[in-house]
Amino acid sequence: MEKQQHFLIVGAGVAGLCIGKQLLDLNHRVTIIDNNQNVSTNVAAGMINPIVFRRMTKSWRVDEFLPFAKKFYQQFGEIIGEKIYHEITIRRLFSSQQERDFWIEKENLPAFSDYLAPLSEVDLNYKKAINEFGSGRVKNAAYISAIPFVEGAKNWLKSLNSYLEQSFDYNALNPTTGSYKGIVYDGVIFCEGVAIKNNPWFNWIPINPTKGEILTIQTDNLPEDESLNRKCFVLPIGNNTFRIGSTYAWNTYNTFPSEEGKEEISSNYKFISREPFSIVAHNAGIRPTILDRRPVMGAHEKHSNLFVFNGLGAKGYLLAPFLAAEFVAHLLKGSPIDKELRADRFLDKKP
Ligand SMILES: Cc1cc2nc3c(=O)[nH]c(=O)nc-3n(C[C@H](O)[C@H](O)[C@H](O)COP(=O)(O)OP(=O)(O)OC[C@H]3O[C@@H](n4cnc5c(N)ncnc54)[C@H](O)[C@@H]3O)c2cc1C
């Protein structure tokens, strides 16, 4: 049996939680520190959409990521005693004849058979939303209930003595020995999302803050059994309540819900429905995005016991479980990390 090691993880967003859970499953000791300042995982709609509609292509590595994520969240739900993985059909409301033609081109290709339902008469004459060009259904999509996931995970970690609610003090870490406040760790893994800018060892990694806003609305006039998508998404979460969004604003760290954000979402919503709604919540958060749209992971170039796992961008819920497993294999067995994901691809950006 492998010798038990003790790892310190900074950040209990989806990144840190996925790594922590997998290390615990392998019987290692884990301490996760989080300062409850979450600006992304808690705000997210948690959607897992296997299709990129703009180009009608599959999401990056979705065939690997999706089955892994499904199993991961279902099992996590069992541990915390609450269903957090919800399968849902996404109905794309075509915005042009060309988009519909792209769909028809792809719907019978074996590579898309798990995700695109061939268009039917019902899809082409869908009545519950605006769709002058018809609509198509995406199969095997899902959403994770973000808050129950995070809160349930934290309570579970607390019951294992694996969770500390506090700010990580960078000055208290000895990067050479891995000692932090009197305990020597076998590795320290930084998963701080956009707060990486405060990290003296990894602040050179070019993670751009991408602000996103999202509304929670109530209306009697939208379907509750499907998520609708055109210009924005509409995600039913029960009791005539829906999450709609989201916006993208680059290079800002402010997390205030804005009038402009609300206006943008409301006007995008009009491409889906003209029915009235009332707003019950308006939230904003910041995605940790990298320009080349790939996450970043690996060891510090000098301190081999310091690691980073970040840059999950707009798709953290889909990417994190599988990539955390790749990261853990690297951490424990030295398995190589994909070139396109390695932290050292940005070393030349280091001041
Ligand atoms: C509006 C919006 C909608 C989104 N919708 C979706 C979606 O539908 N599907 C999807 O997959 N993704 C979505 N995302 C993106 C998703 O939220 C991110 O990809 C993901 O949450 C990033 O997770 P993370 O763990 O890397 O970072 P974070 O969630 O930011 O977590 C970092 C954690 O580190 C902690 N921390 C930071 N510094 C310290 C410190 N010094 N000491 C202690 N703790 C610290 C913070 O408190 C936080 O809890 C959305 C994001 C937004 C903003």
# chains A, B, ... in the order shown; residues from 1 in each chain; ligands from 1
>>> residues_around(residues="Ala44 (chain A)", least_positions_apart="2", cutoff="10 Å", atoms="only C-alpha atoms", output="list in words")
Val39, Ser40, Thr41, Asn42, Gly46, Met47, Tyr143, Ile144, Ser145, Ala146, Ile147, Gly212, Glu213, Ile214, Arg243, Gly245, Ser246, Asn283, Ala284, Gly285, Ile286, Arg287, Ala314, Lys315, Gly316 and Tyr317 of chain A
>>> select_by_dssp(residues="region 88-165 of chain A", states="alpha helix (DSSP H)", output="MDAnalysis selection string")
chainID A and resid 97:107 121:124 146:159
>>> write_last_selection(atoms="C-alpha atoms", output="PDB file, in the first residue's frame")
ATOM      1  CA  GLN A  97     -31.462  28.536 -40.962  1.00  0.00           C
ATOM      2  CA  GLN A  98     -27.690  28.067 -41.163  1.00  0.00           C
ATOM      3  CA  GLU A  99     -27.515  26.970 -37.540  1.00  0.00           C
ATOM      4  CA  ARG A 100     -30.303  24.467 -38.126  1.00  0.00           C
ATOM      5  CA  ASP A 101     -28.462  23.159 -41.203  1.00  0.00           C
ATOM      6  CA  PHE A 102     -25.285  22.714 -39.132  1.00  0.00           C
ATOM      7  CA  TRP A 103     -27.284  20.663 -36.646  1.00  0.00           C
ATOM      8  CA  ILE A 104     -28.763  18.479 -39.411  1.00  0.00           C
ATOM      9  CA  GLU A 105     -25.252  17.910 -40.813  1.00  0.00           C
ATOM     10  CA  LYS A 106     -24.052  16.640 -37.439  1.00  0.00           C
ATOM     11  CA  GLU A 107     -27.054  14.916 -35.878  1.00  0.00           C
ATOM     12  CA  GLU A 121     -41.565  17.390 -36.144  1.00  0.00           C
ATOM     13  CA  VAL A 122     -42.099  18.411 -32.505  1.00  0.00           C
ATOM     14  CA  ASP A 123     -38.686  20.103 -32.407  1.00  0.00           C
ATOM     15  CA  LEU A 124     -39.356  21.997 -35.595  1.00  0.00           C
ATOM     16  CA  ALA A 146     -23.870  24.576  -6.657  1.00  0.00           C
ATOM     17  CA  ILE A 147     -24.638  25.629  -3.083  1.00  0.00           C
ATOM     18  CA  PRO A 148     -25.766  22.185  -1.833  1.00  0.00           C
ATOM     19  CA  PHE A 149     -22.614  20.734  -3.435  1.00  0.00           C
ATOM     20  CA  VAL A 150     -20.242  23.200  -1.761  1.00  0.00           C
ATOM     21  CA  GLU A 151     -21.993  23.285   1.607  1.00  0.00           C
ATOM     22  CA  GLY A 152     -22.455  19.513   1.695  1.00  0.00           C
ATOM     23  CA  ALA A 153     -18.827  18.975   0.765  1.00  0.00           C
ATOM     24  CA  LYS A 154     -17.607  21.359   3.469  1.00  0.00           C
ATOM     25  CA  ASN A 155     -19.740  19.674   6.144  1.00  0.00           C
ATOM     26  CA  TRP A 156     -18.425  16.283   5.059  1.00  0.00           C
ATOM     27  CA  LEU A 157     -14.832  17.565   5.189  1.00  0.00           C
ATOM     28  CA  LYS A 158     -15.454  19.040   8.628  1.00  0.00           C
ATOM     29  CA  SER A 159     -16.691  15.647   9.852  1.00  0.00           C
TER      30      SER A 159
END
>>> residues_around(residues="Ile265 (chain A)", least_positions_apart="6", cutoff="12 Å", atoms="only C-alpha atoms", output="PyMOL selection string")
chain A and resi 212-217+230-234+243-248+257-259+271-272+279+282-283
>>> write_last_selection(atoms="C-alpha atoms", output="short mmCIF file (atom, residue, chain, number, x, y, z; two decimals), in the first residue's frame")
data_model
loop_
_atom_site.label_atom_id
_atom_site.label_comp_id
_atom_site.auth_asym_id
_atom_site.auth_seq_id
_atom_site.Cartn_x
_atom_site.Cartn_y
_atom_site.Cartn_z
CA GLY A 212 -20.35 36.95 -14.95
CA GLU A 213 -23.82 37.94 -13.82
CA ILE A 214 -26.84 35.71 -13.47
CA LEU A 215 -30.51 36.27 -12.58
CA THR A 216 -32.90 34.04 -10.71
CA ILE A 217 -36.42 34.65 -11.93
CA ARG A 230 -30.46 31.13 -27.39
CA LYS A 231 -28.31 34.17 -26.67
CA CYS A 232 -28.56 33.09 -23.02
CA PHE A 233 -29.57 30.01 -21.08
CA VAL A 234 -32.71 29.45 -19.05
CA ARG A 243 -31.69 30.83 -13.53
CA ILE A 244 -30.91 32.88 -16.60
CA GLY A 245 -27.61 34.22 -17.81
CA SER A 246 -24.93 34.91 -18.08
CA THR A 247 -22.73 37.87 -19.00
CA TYR A 248 -19.00 38.07 -19.76
CA PRO A 257 -24.45 42.87 -9.68
CA SER A 258 -24.89 45.78 -12.12
CA GLU A 259 -27.82 47.42 -13.90
CA PHE A 271 -35.00 36.19 -27.89
CA ILE A 272 -36.46 33.23 -25.98
CA ILE A 279 -36.46 38.80 -10.51
CA HIS A 282 -29.23 38.85 -9.06
CA ASN A 283 -25.69 37.56 -8.51
#
>>> closest_residue(among="A:Ala111, A:Val308, A:Val184, A:Leu23", to="ligand 1", atoms="only C-alpha atoms and all ligand atoms")
A:Val308
>>> select_by_dssp(residues="region 104-223 of chain A", states="strand (DSSP E)", output="VMD selection string")
chain A and resid 135 to 144 163 to 165 173 to 174 179 to 180 183 to 184 187 to 190 207 to 218
>>> write_last_selection(atoms="N, CA and C atoms", output="compact mmCIF listing (two decimals), in the first residue's frame")
# COMPACT_ATOMS: atom_id res chain seq x y z
N SER A 135 -36.04 24.10 -33.37
CA SER A 135 -35.16 23.89 -32.21
C SER A 135 -34.64 22.45 -32.22
N GLY A 136 -33.57 22.23 -31.47
CA GLY A 136 -33.01 20.87 -31.37
C GLY A 136 -32.69 20.55 -29.92
N ARG A 137 -32.71 19.26 -29.58
CA ARG A 137 -32.49 18.86 -28.18
C ARG A 137 -31.09 18.27 -27.98
N VAL A 138 -30.41 18.75 -26.96
CA VAL A 138 -29.10 18.19 -26.59
C VAL A 138 -29.32 17.18 -25.47
N LYS A 139 -28.81 15.98 -25.70
CA LYS A 139 -28.97 14.91 -24.69
C LYS A 139 -27.75 14.89 -23.76
N ASN A 140 -27.94 14.25 -22.64
CA ASN A 140 -26.84 14.03 -21.69
C ASN A 140 -26.25 15.31 -21.11
N ALA A 141 -27.04 16.37 -21.12
CA ALA A 141 -26.61 17.58 -20.42
C ALA A 141 -27.04 17.45 -18.95
N ALA A 142 -26.55 18.35 -18.13
CA ALA A 142 -26.86 18.25 -16.70
C ALA A 142 -26.57 19.59 -16.03
N TYR A 143 -27.00 19.68 -14.79
CA TYR A 143 -26.51 20.80 -13.97
C TYR A 143 -26.27 20.30 -12.55
N ILE A 144 -25.34 20.95 -11.89
CA ILE A 144 -25.01 20.62 -10.50
C ILE A 144 -25.63 21.70 -9.62
N TYR A 163 -11.21 20.23 7.16
CA TYR A 163 -11.59 21.55 6.64
C TYR A 163 -11.32 22.65 7.67
N LEU A 164 -10.69 23.71 7.21
CA LEU A 164 -10.46 24.87 8.09
C LEU A 164 -11.01 26.11 7.41
N GLU A 165 -11.89 26.82 8.10
CA GLU A 165 -12.41 28.05 7.51
C GLU A 165 -11.54 29.21 7.97
N LEU A 173 3.92 30.12 5.20
CA LEU A 173 4.35 28.88 4.53
C LEU A 173 5.84 28.93 4.25
N ASN A 174 6.52 27.86 4.65
CA ASN A 174 7.93 27.73 4.25
C ASN A 174 7.94 26.90 2.96
N SER A 179 6.29 23.46 5.36
CA SER A 179 5.74 23.60 6.70
C SER A 179 4.82 24.83 6.75
N TYR A 180 3.62 24.64 7.32
CA TYR A 180 2.65 25.73 7.47
C TYR A 180 2.08 25.67 8.87
N ILE A 183 2.85 22.48 10.88
CA ILE A 183 2.63 21.14 10.31
C ILE A 183 3.40 21.07 8.98
N VAL A 184 4.10 19.96 8.78
CA VAL A 184 4.82 19.80 7.52
C VAL A 184 3.94 18.97 6.57
N GLY A 187 2.66 18.24 0.30
CA GLY A 187 2.46 19.11 -0.86
C GLY A 187 1.41 20.15 -0.52
N VAL A 188 1.56 21.34 -1.10
CA VAL A 188 0.55 22.39 -0.92
C VAL A 188 -0.01 22.69 -2.31
N ILE A 189 -1.34 22.59 -2.42
CA ILE A 189 -1.98 22.73 -3.74
C ILE A 189 -2.85 23.98 -3.74
N PHE A 190 -2.52 24.90 -4.62
CA PHE A 190 -3.23 26.18 -4.64
C PHE A 190 -4.36 26.14 -5.66
N ILE A 207 -4.00 34.46 -15.32
CA ILE A 207 -5.42 34.17 -15.14
C ILE A 207 -6.20 35.46 -15.16
N ASN A 208 -7.06 35.58 -16.17
CA ASN A 208 -7.82 36.82 -16.32
C ASN A 208 -9.16 36.68 -15.63
N PRO A 209 -9.54 37.69 -14.88
CA PRO A 209 -10.86 37.64 -14.26
C PRO A 209 -11.96 37.90 -15.29
N THR A 210 -12.94 37.03 -15.36
CA THR A 210 -14.06 37.24 -16.28
C THR A 210 -15.34 37.29 -15.46
N LYS A 211 -15.82 38.50 -15.28
CA LYS A 211 -17.02 38.68 -14.45
C LYS A 211 -18.25 38.11 -15.16
N GLY A 212 -19.10 37.48 -14.39
CA GLY A 212 -20.35 36.95 -14.95
C GLY A 212 -21.50 37.27 -14.03
N GLU A 213 -22.63 37.66 -14.63
CA GLU A 213 -23.82 37.94 -13.82
C GLU A 213 -24.93 36.97 -14.22
N ILE A 214 -25.80 36.72 -13.27
CA ILE A 214 -26.84 35.71 -13.47
C ILE A 214 -28.09 36.14 -12.68
N LEU A 215 -29.26 35.93 -13.27
CA LEU A 215 -30.51 36.27 -12.58
C LEU A 215 -31.25 35.01 -12.18
N THR A 216 -31.94 35.09 -11.06
CA THR A 216 -32.90 34.04 -10.71
C THR A 216 -34.27 34.67 -10.84
N ILE A 217 -35.11 34.04 -11.66
CA ILE A 217 -36.42 34.65 -11.93
C ILE A 217 -37.56 33.67 -11.63
N GLN A 218 -38.74 34.25 -11.53
CA GLN A 218 -39.93 33.39 -11.43
C GLN A 218 -40.90 33.78 -12.52
>>> residues_around(residues="Arg61 (chain A)", least_positions_apart="4", cutoff="9 Å", atoms="only C-alpha atoms", output="number ranges by chain")
A: 65-66, 319
>>> write_last_selection(atoms="N, CA and C atoms", output="JSON list (two decimals), in the first residue's frame")
[["chain", "number", "residue", "atom", "x", "y", "z"],
["A", 65, "PHE", "N", -14.59, 13.78, -20.22],
["A", 65, "PHE", "CA", -14.95, 14.55, -19.02],
["A", 65, "PHE", "C", -16.35, 14.21, -18.50],
["A", 66, "LEU", "N", -17.30, 14.07, -19.43],
["A", 66, "LEU", "CA", -18.70, 13.98, -18.99],
["A", 66, "LEU", "C", -19.02, 12.72, -18.18],
["A", 319, "LEU", "N", -15.07, 20.27, -16.28],
["A", 319, "LEU", "CA", -13.64, 19.93, -16.39],
["A", 319, "LEU", "C", -13.02, 19.40, -15.10]]
>>> closest_residue(among="A:Tyr170, A:Tyr73, A:Phe202, A:Phe256", to="ligand 1", atoms="only C-alpha atoms and all ligand atoms")
A:Tyr170
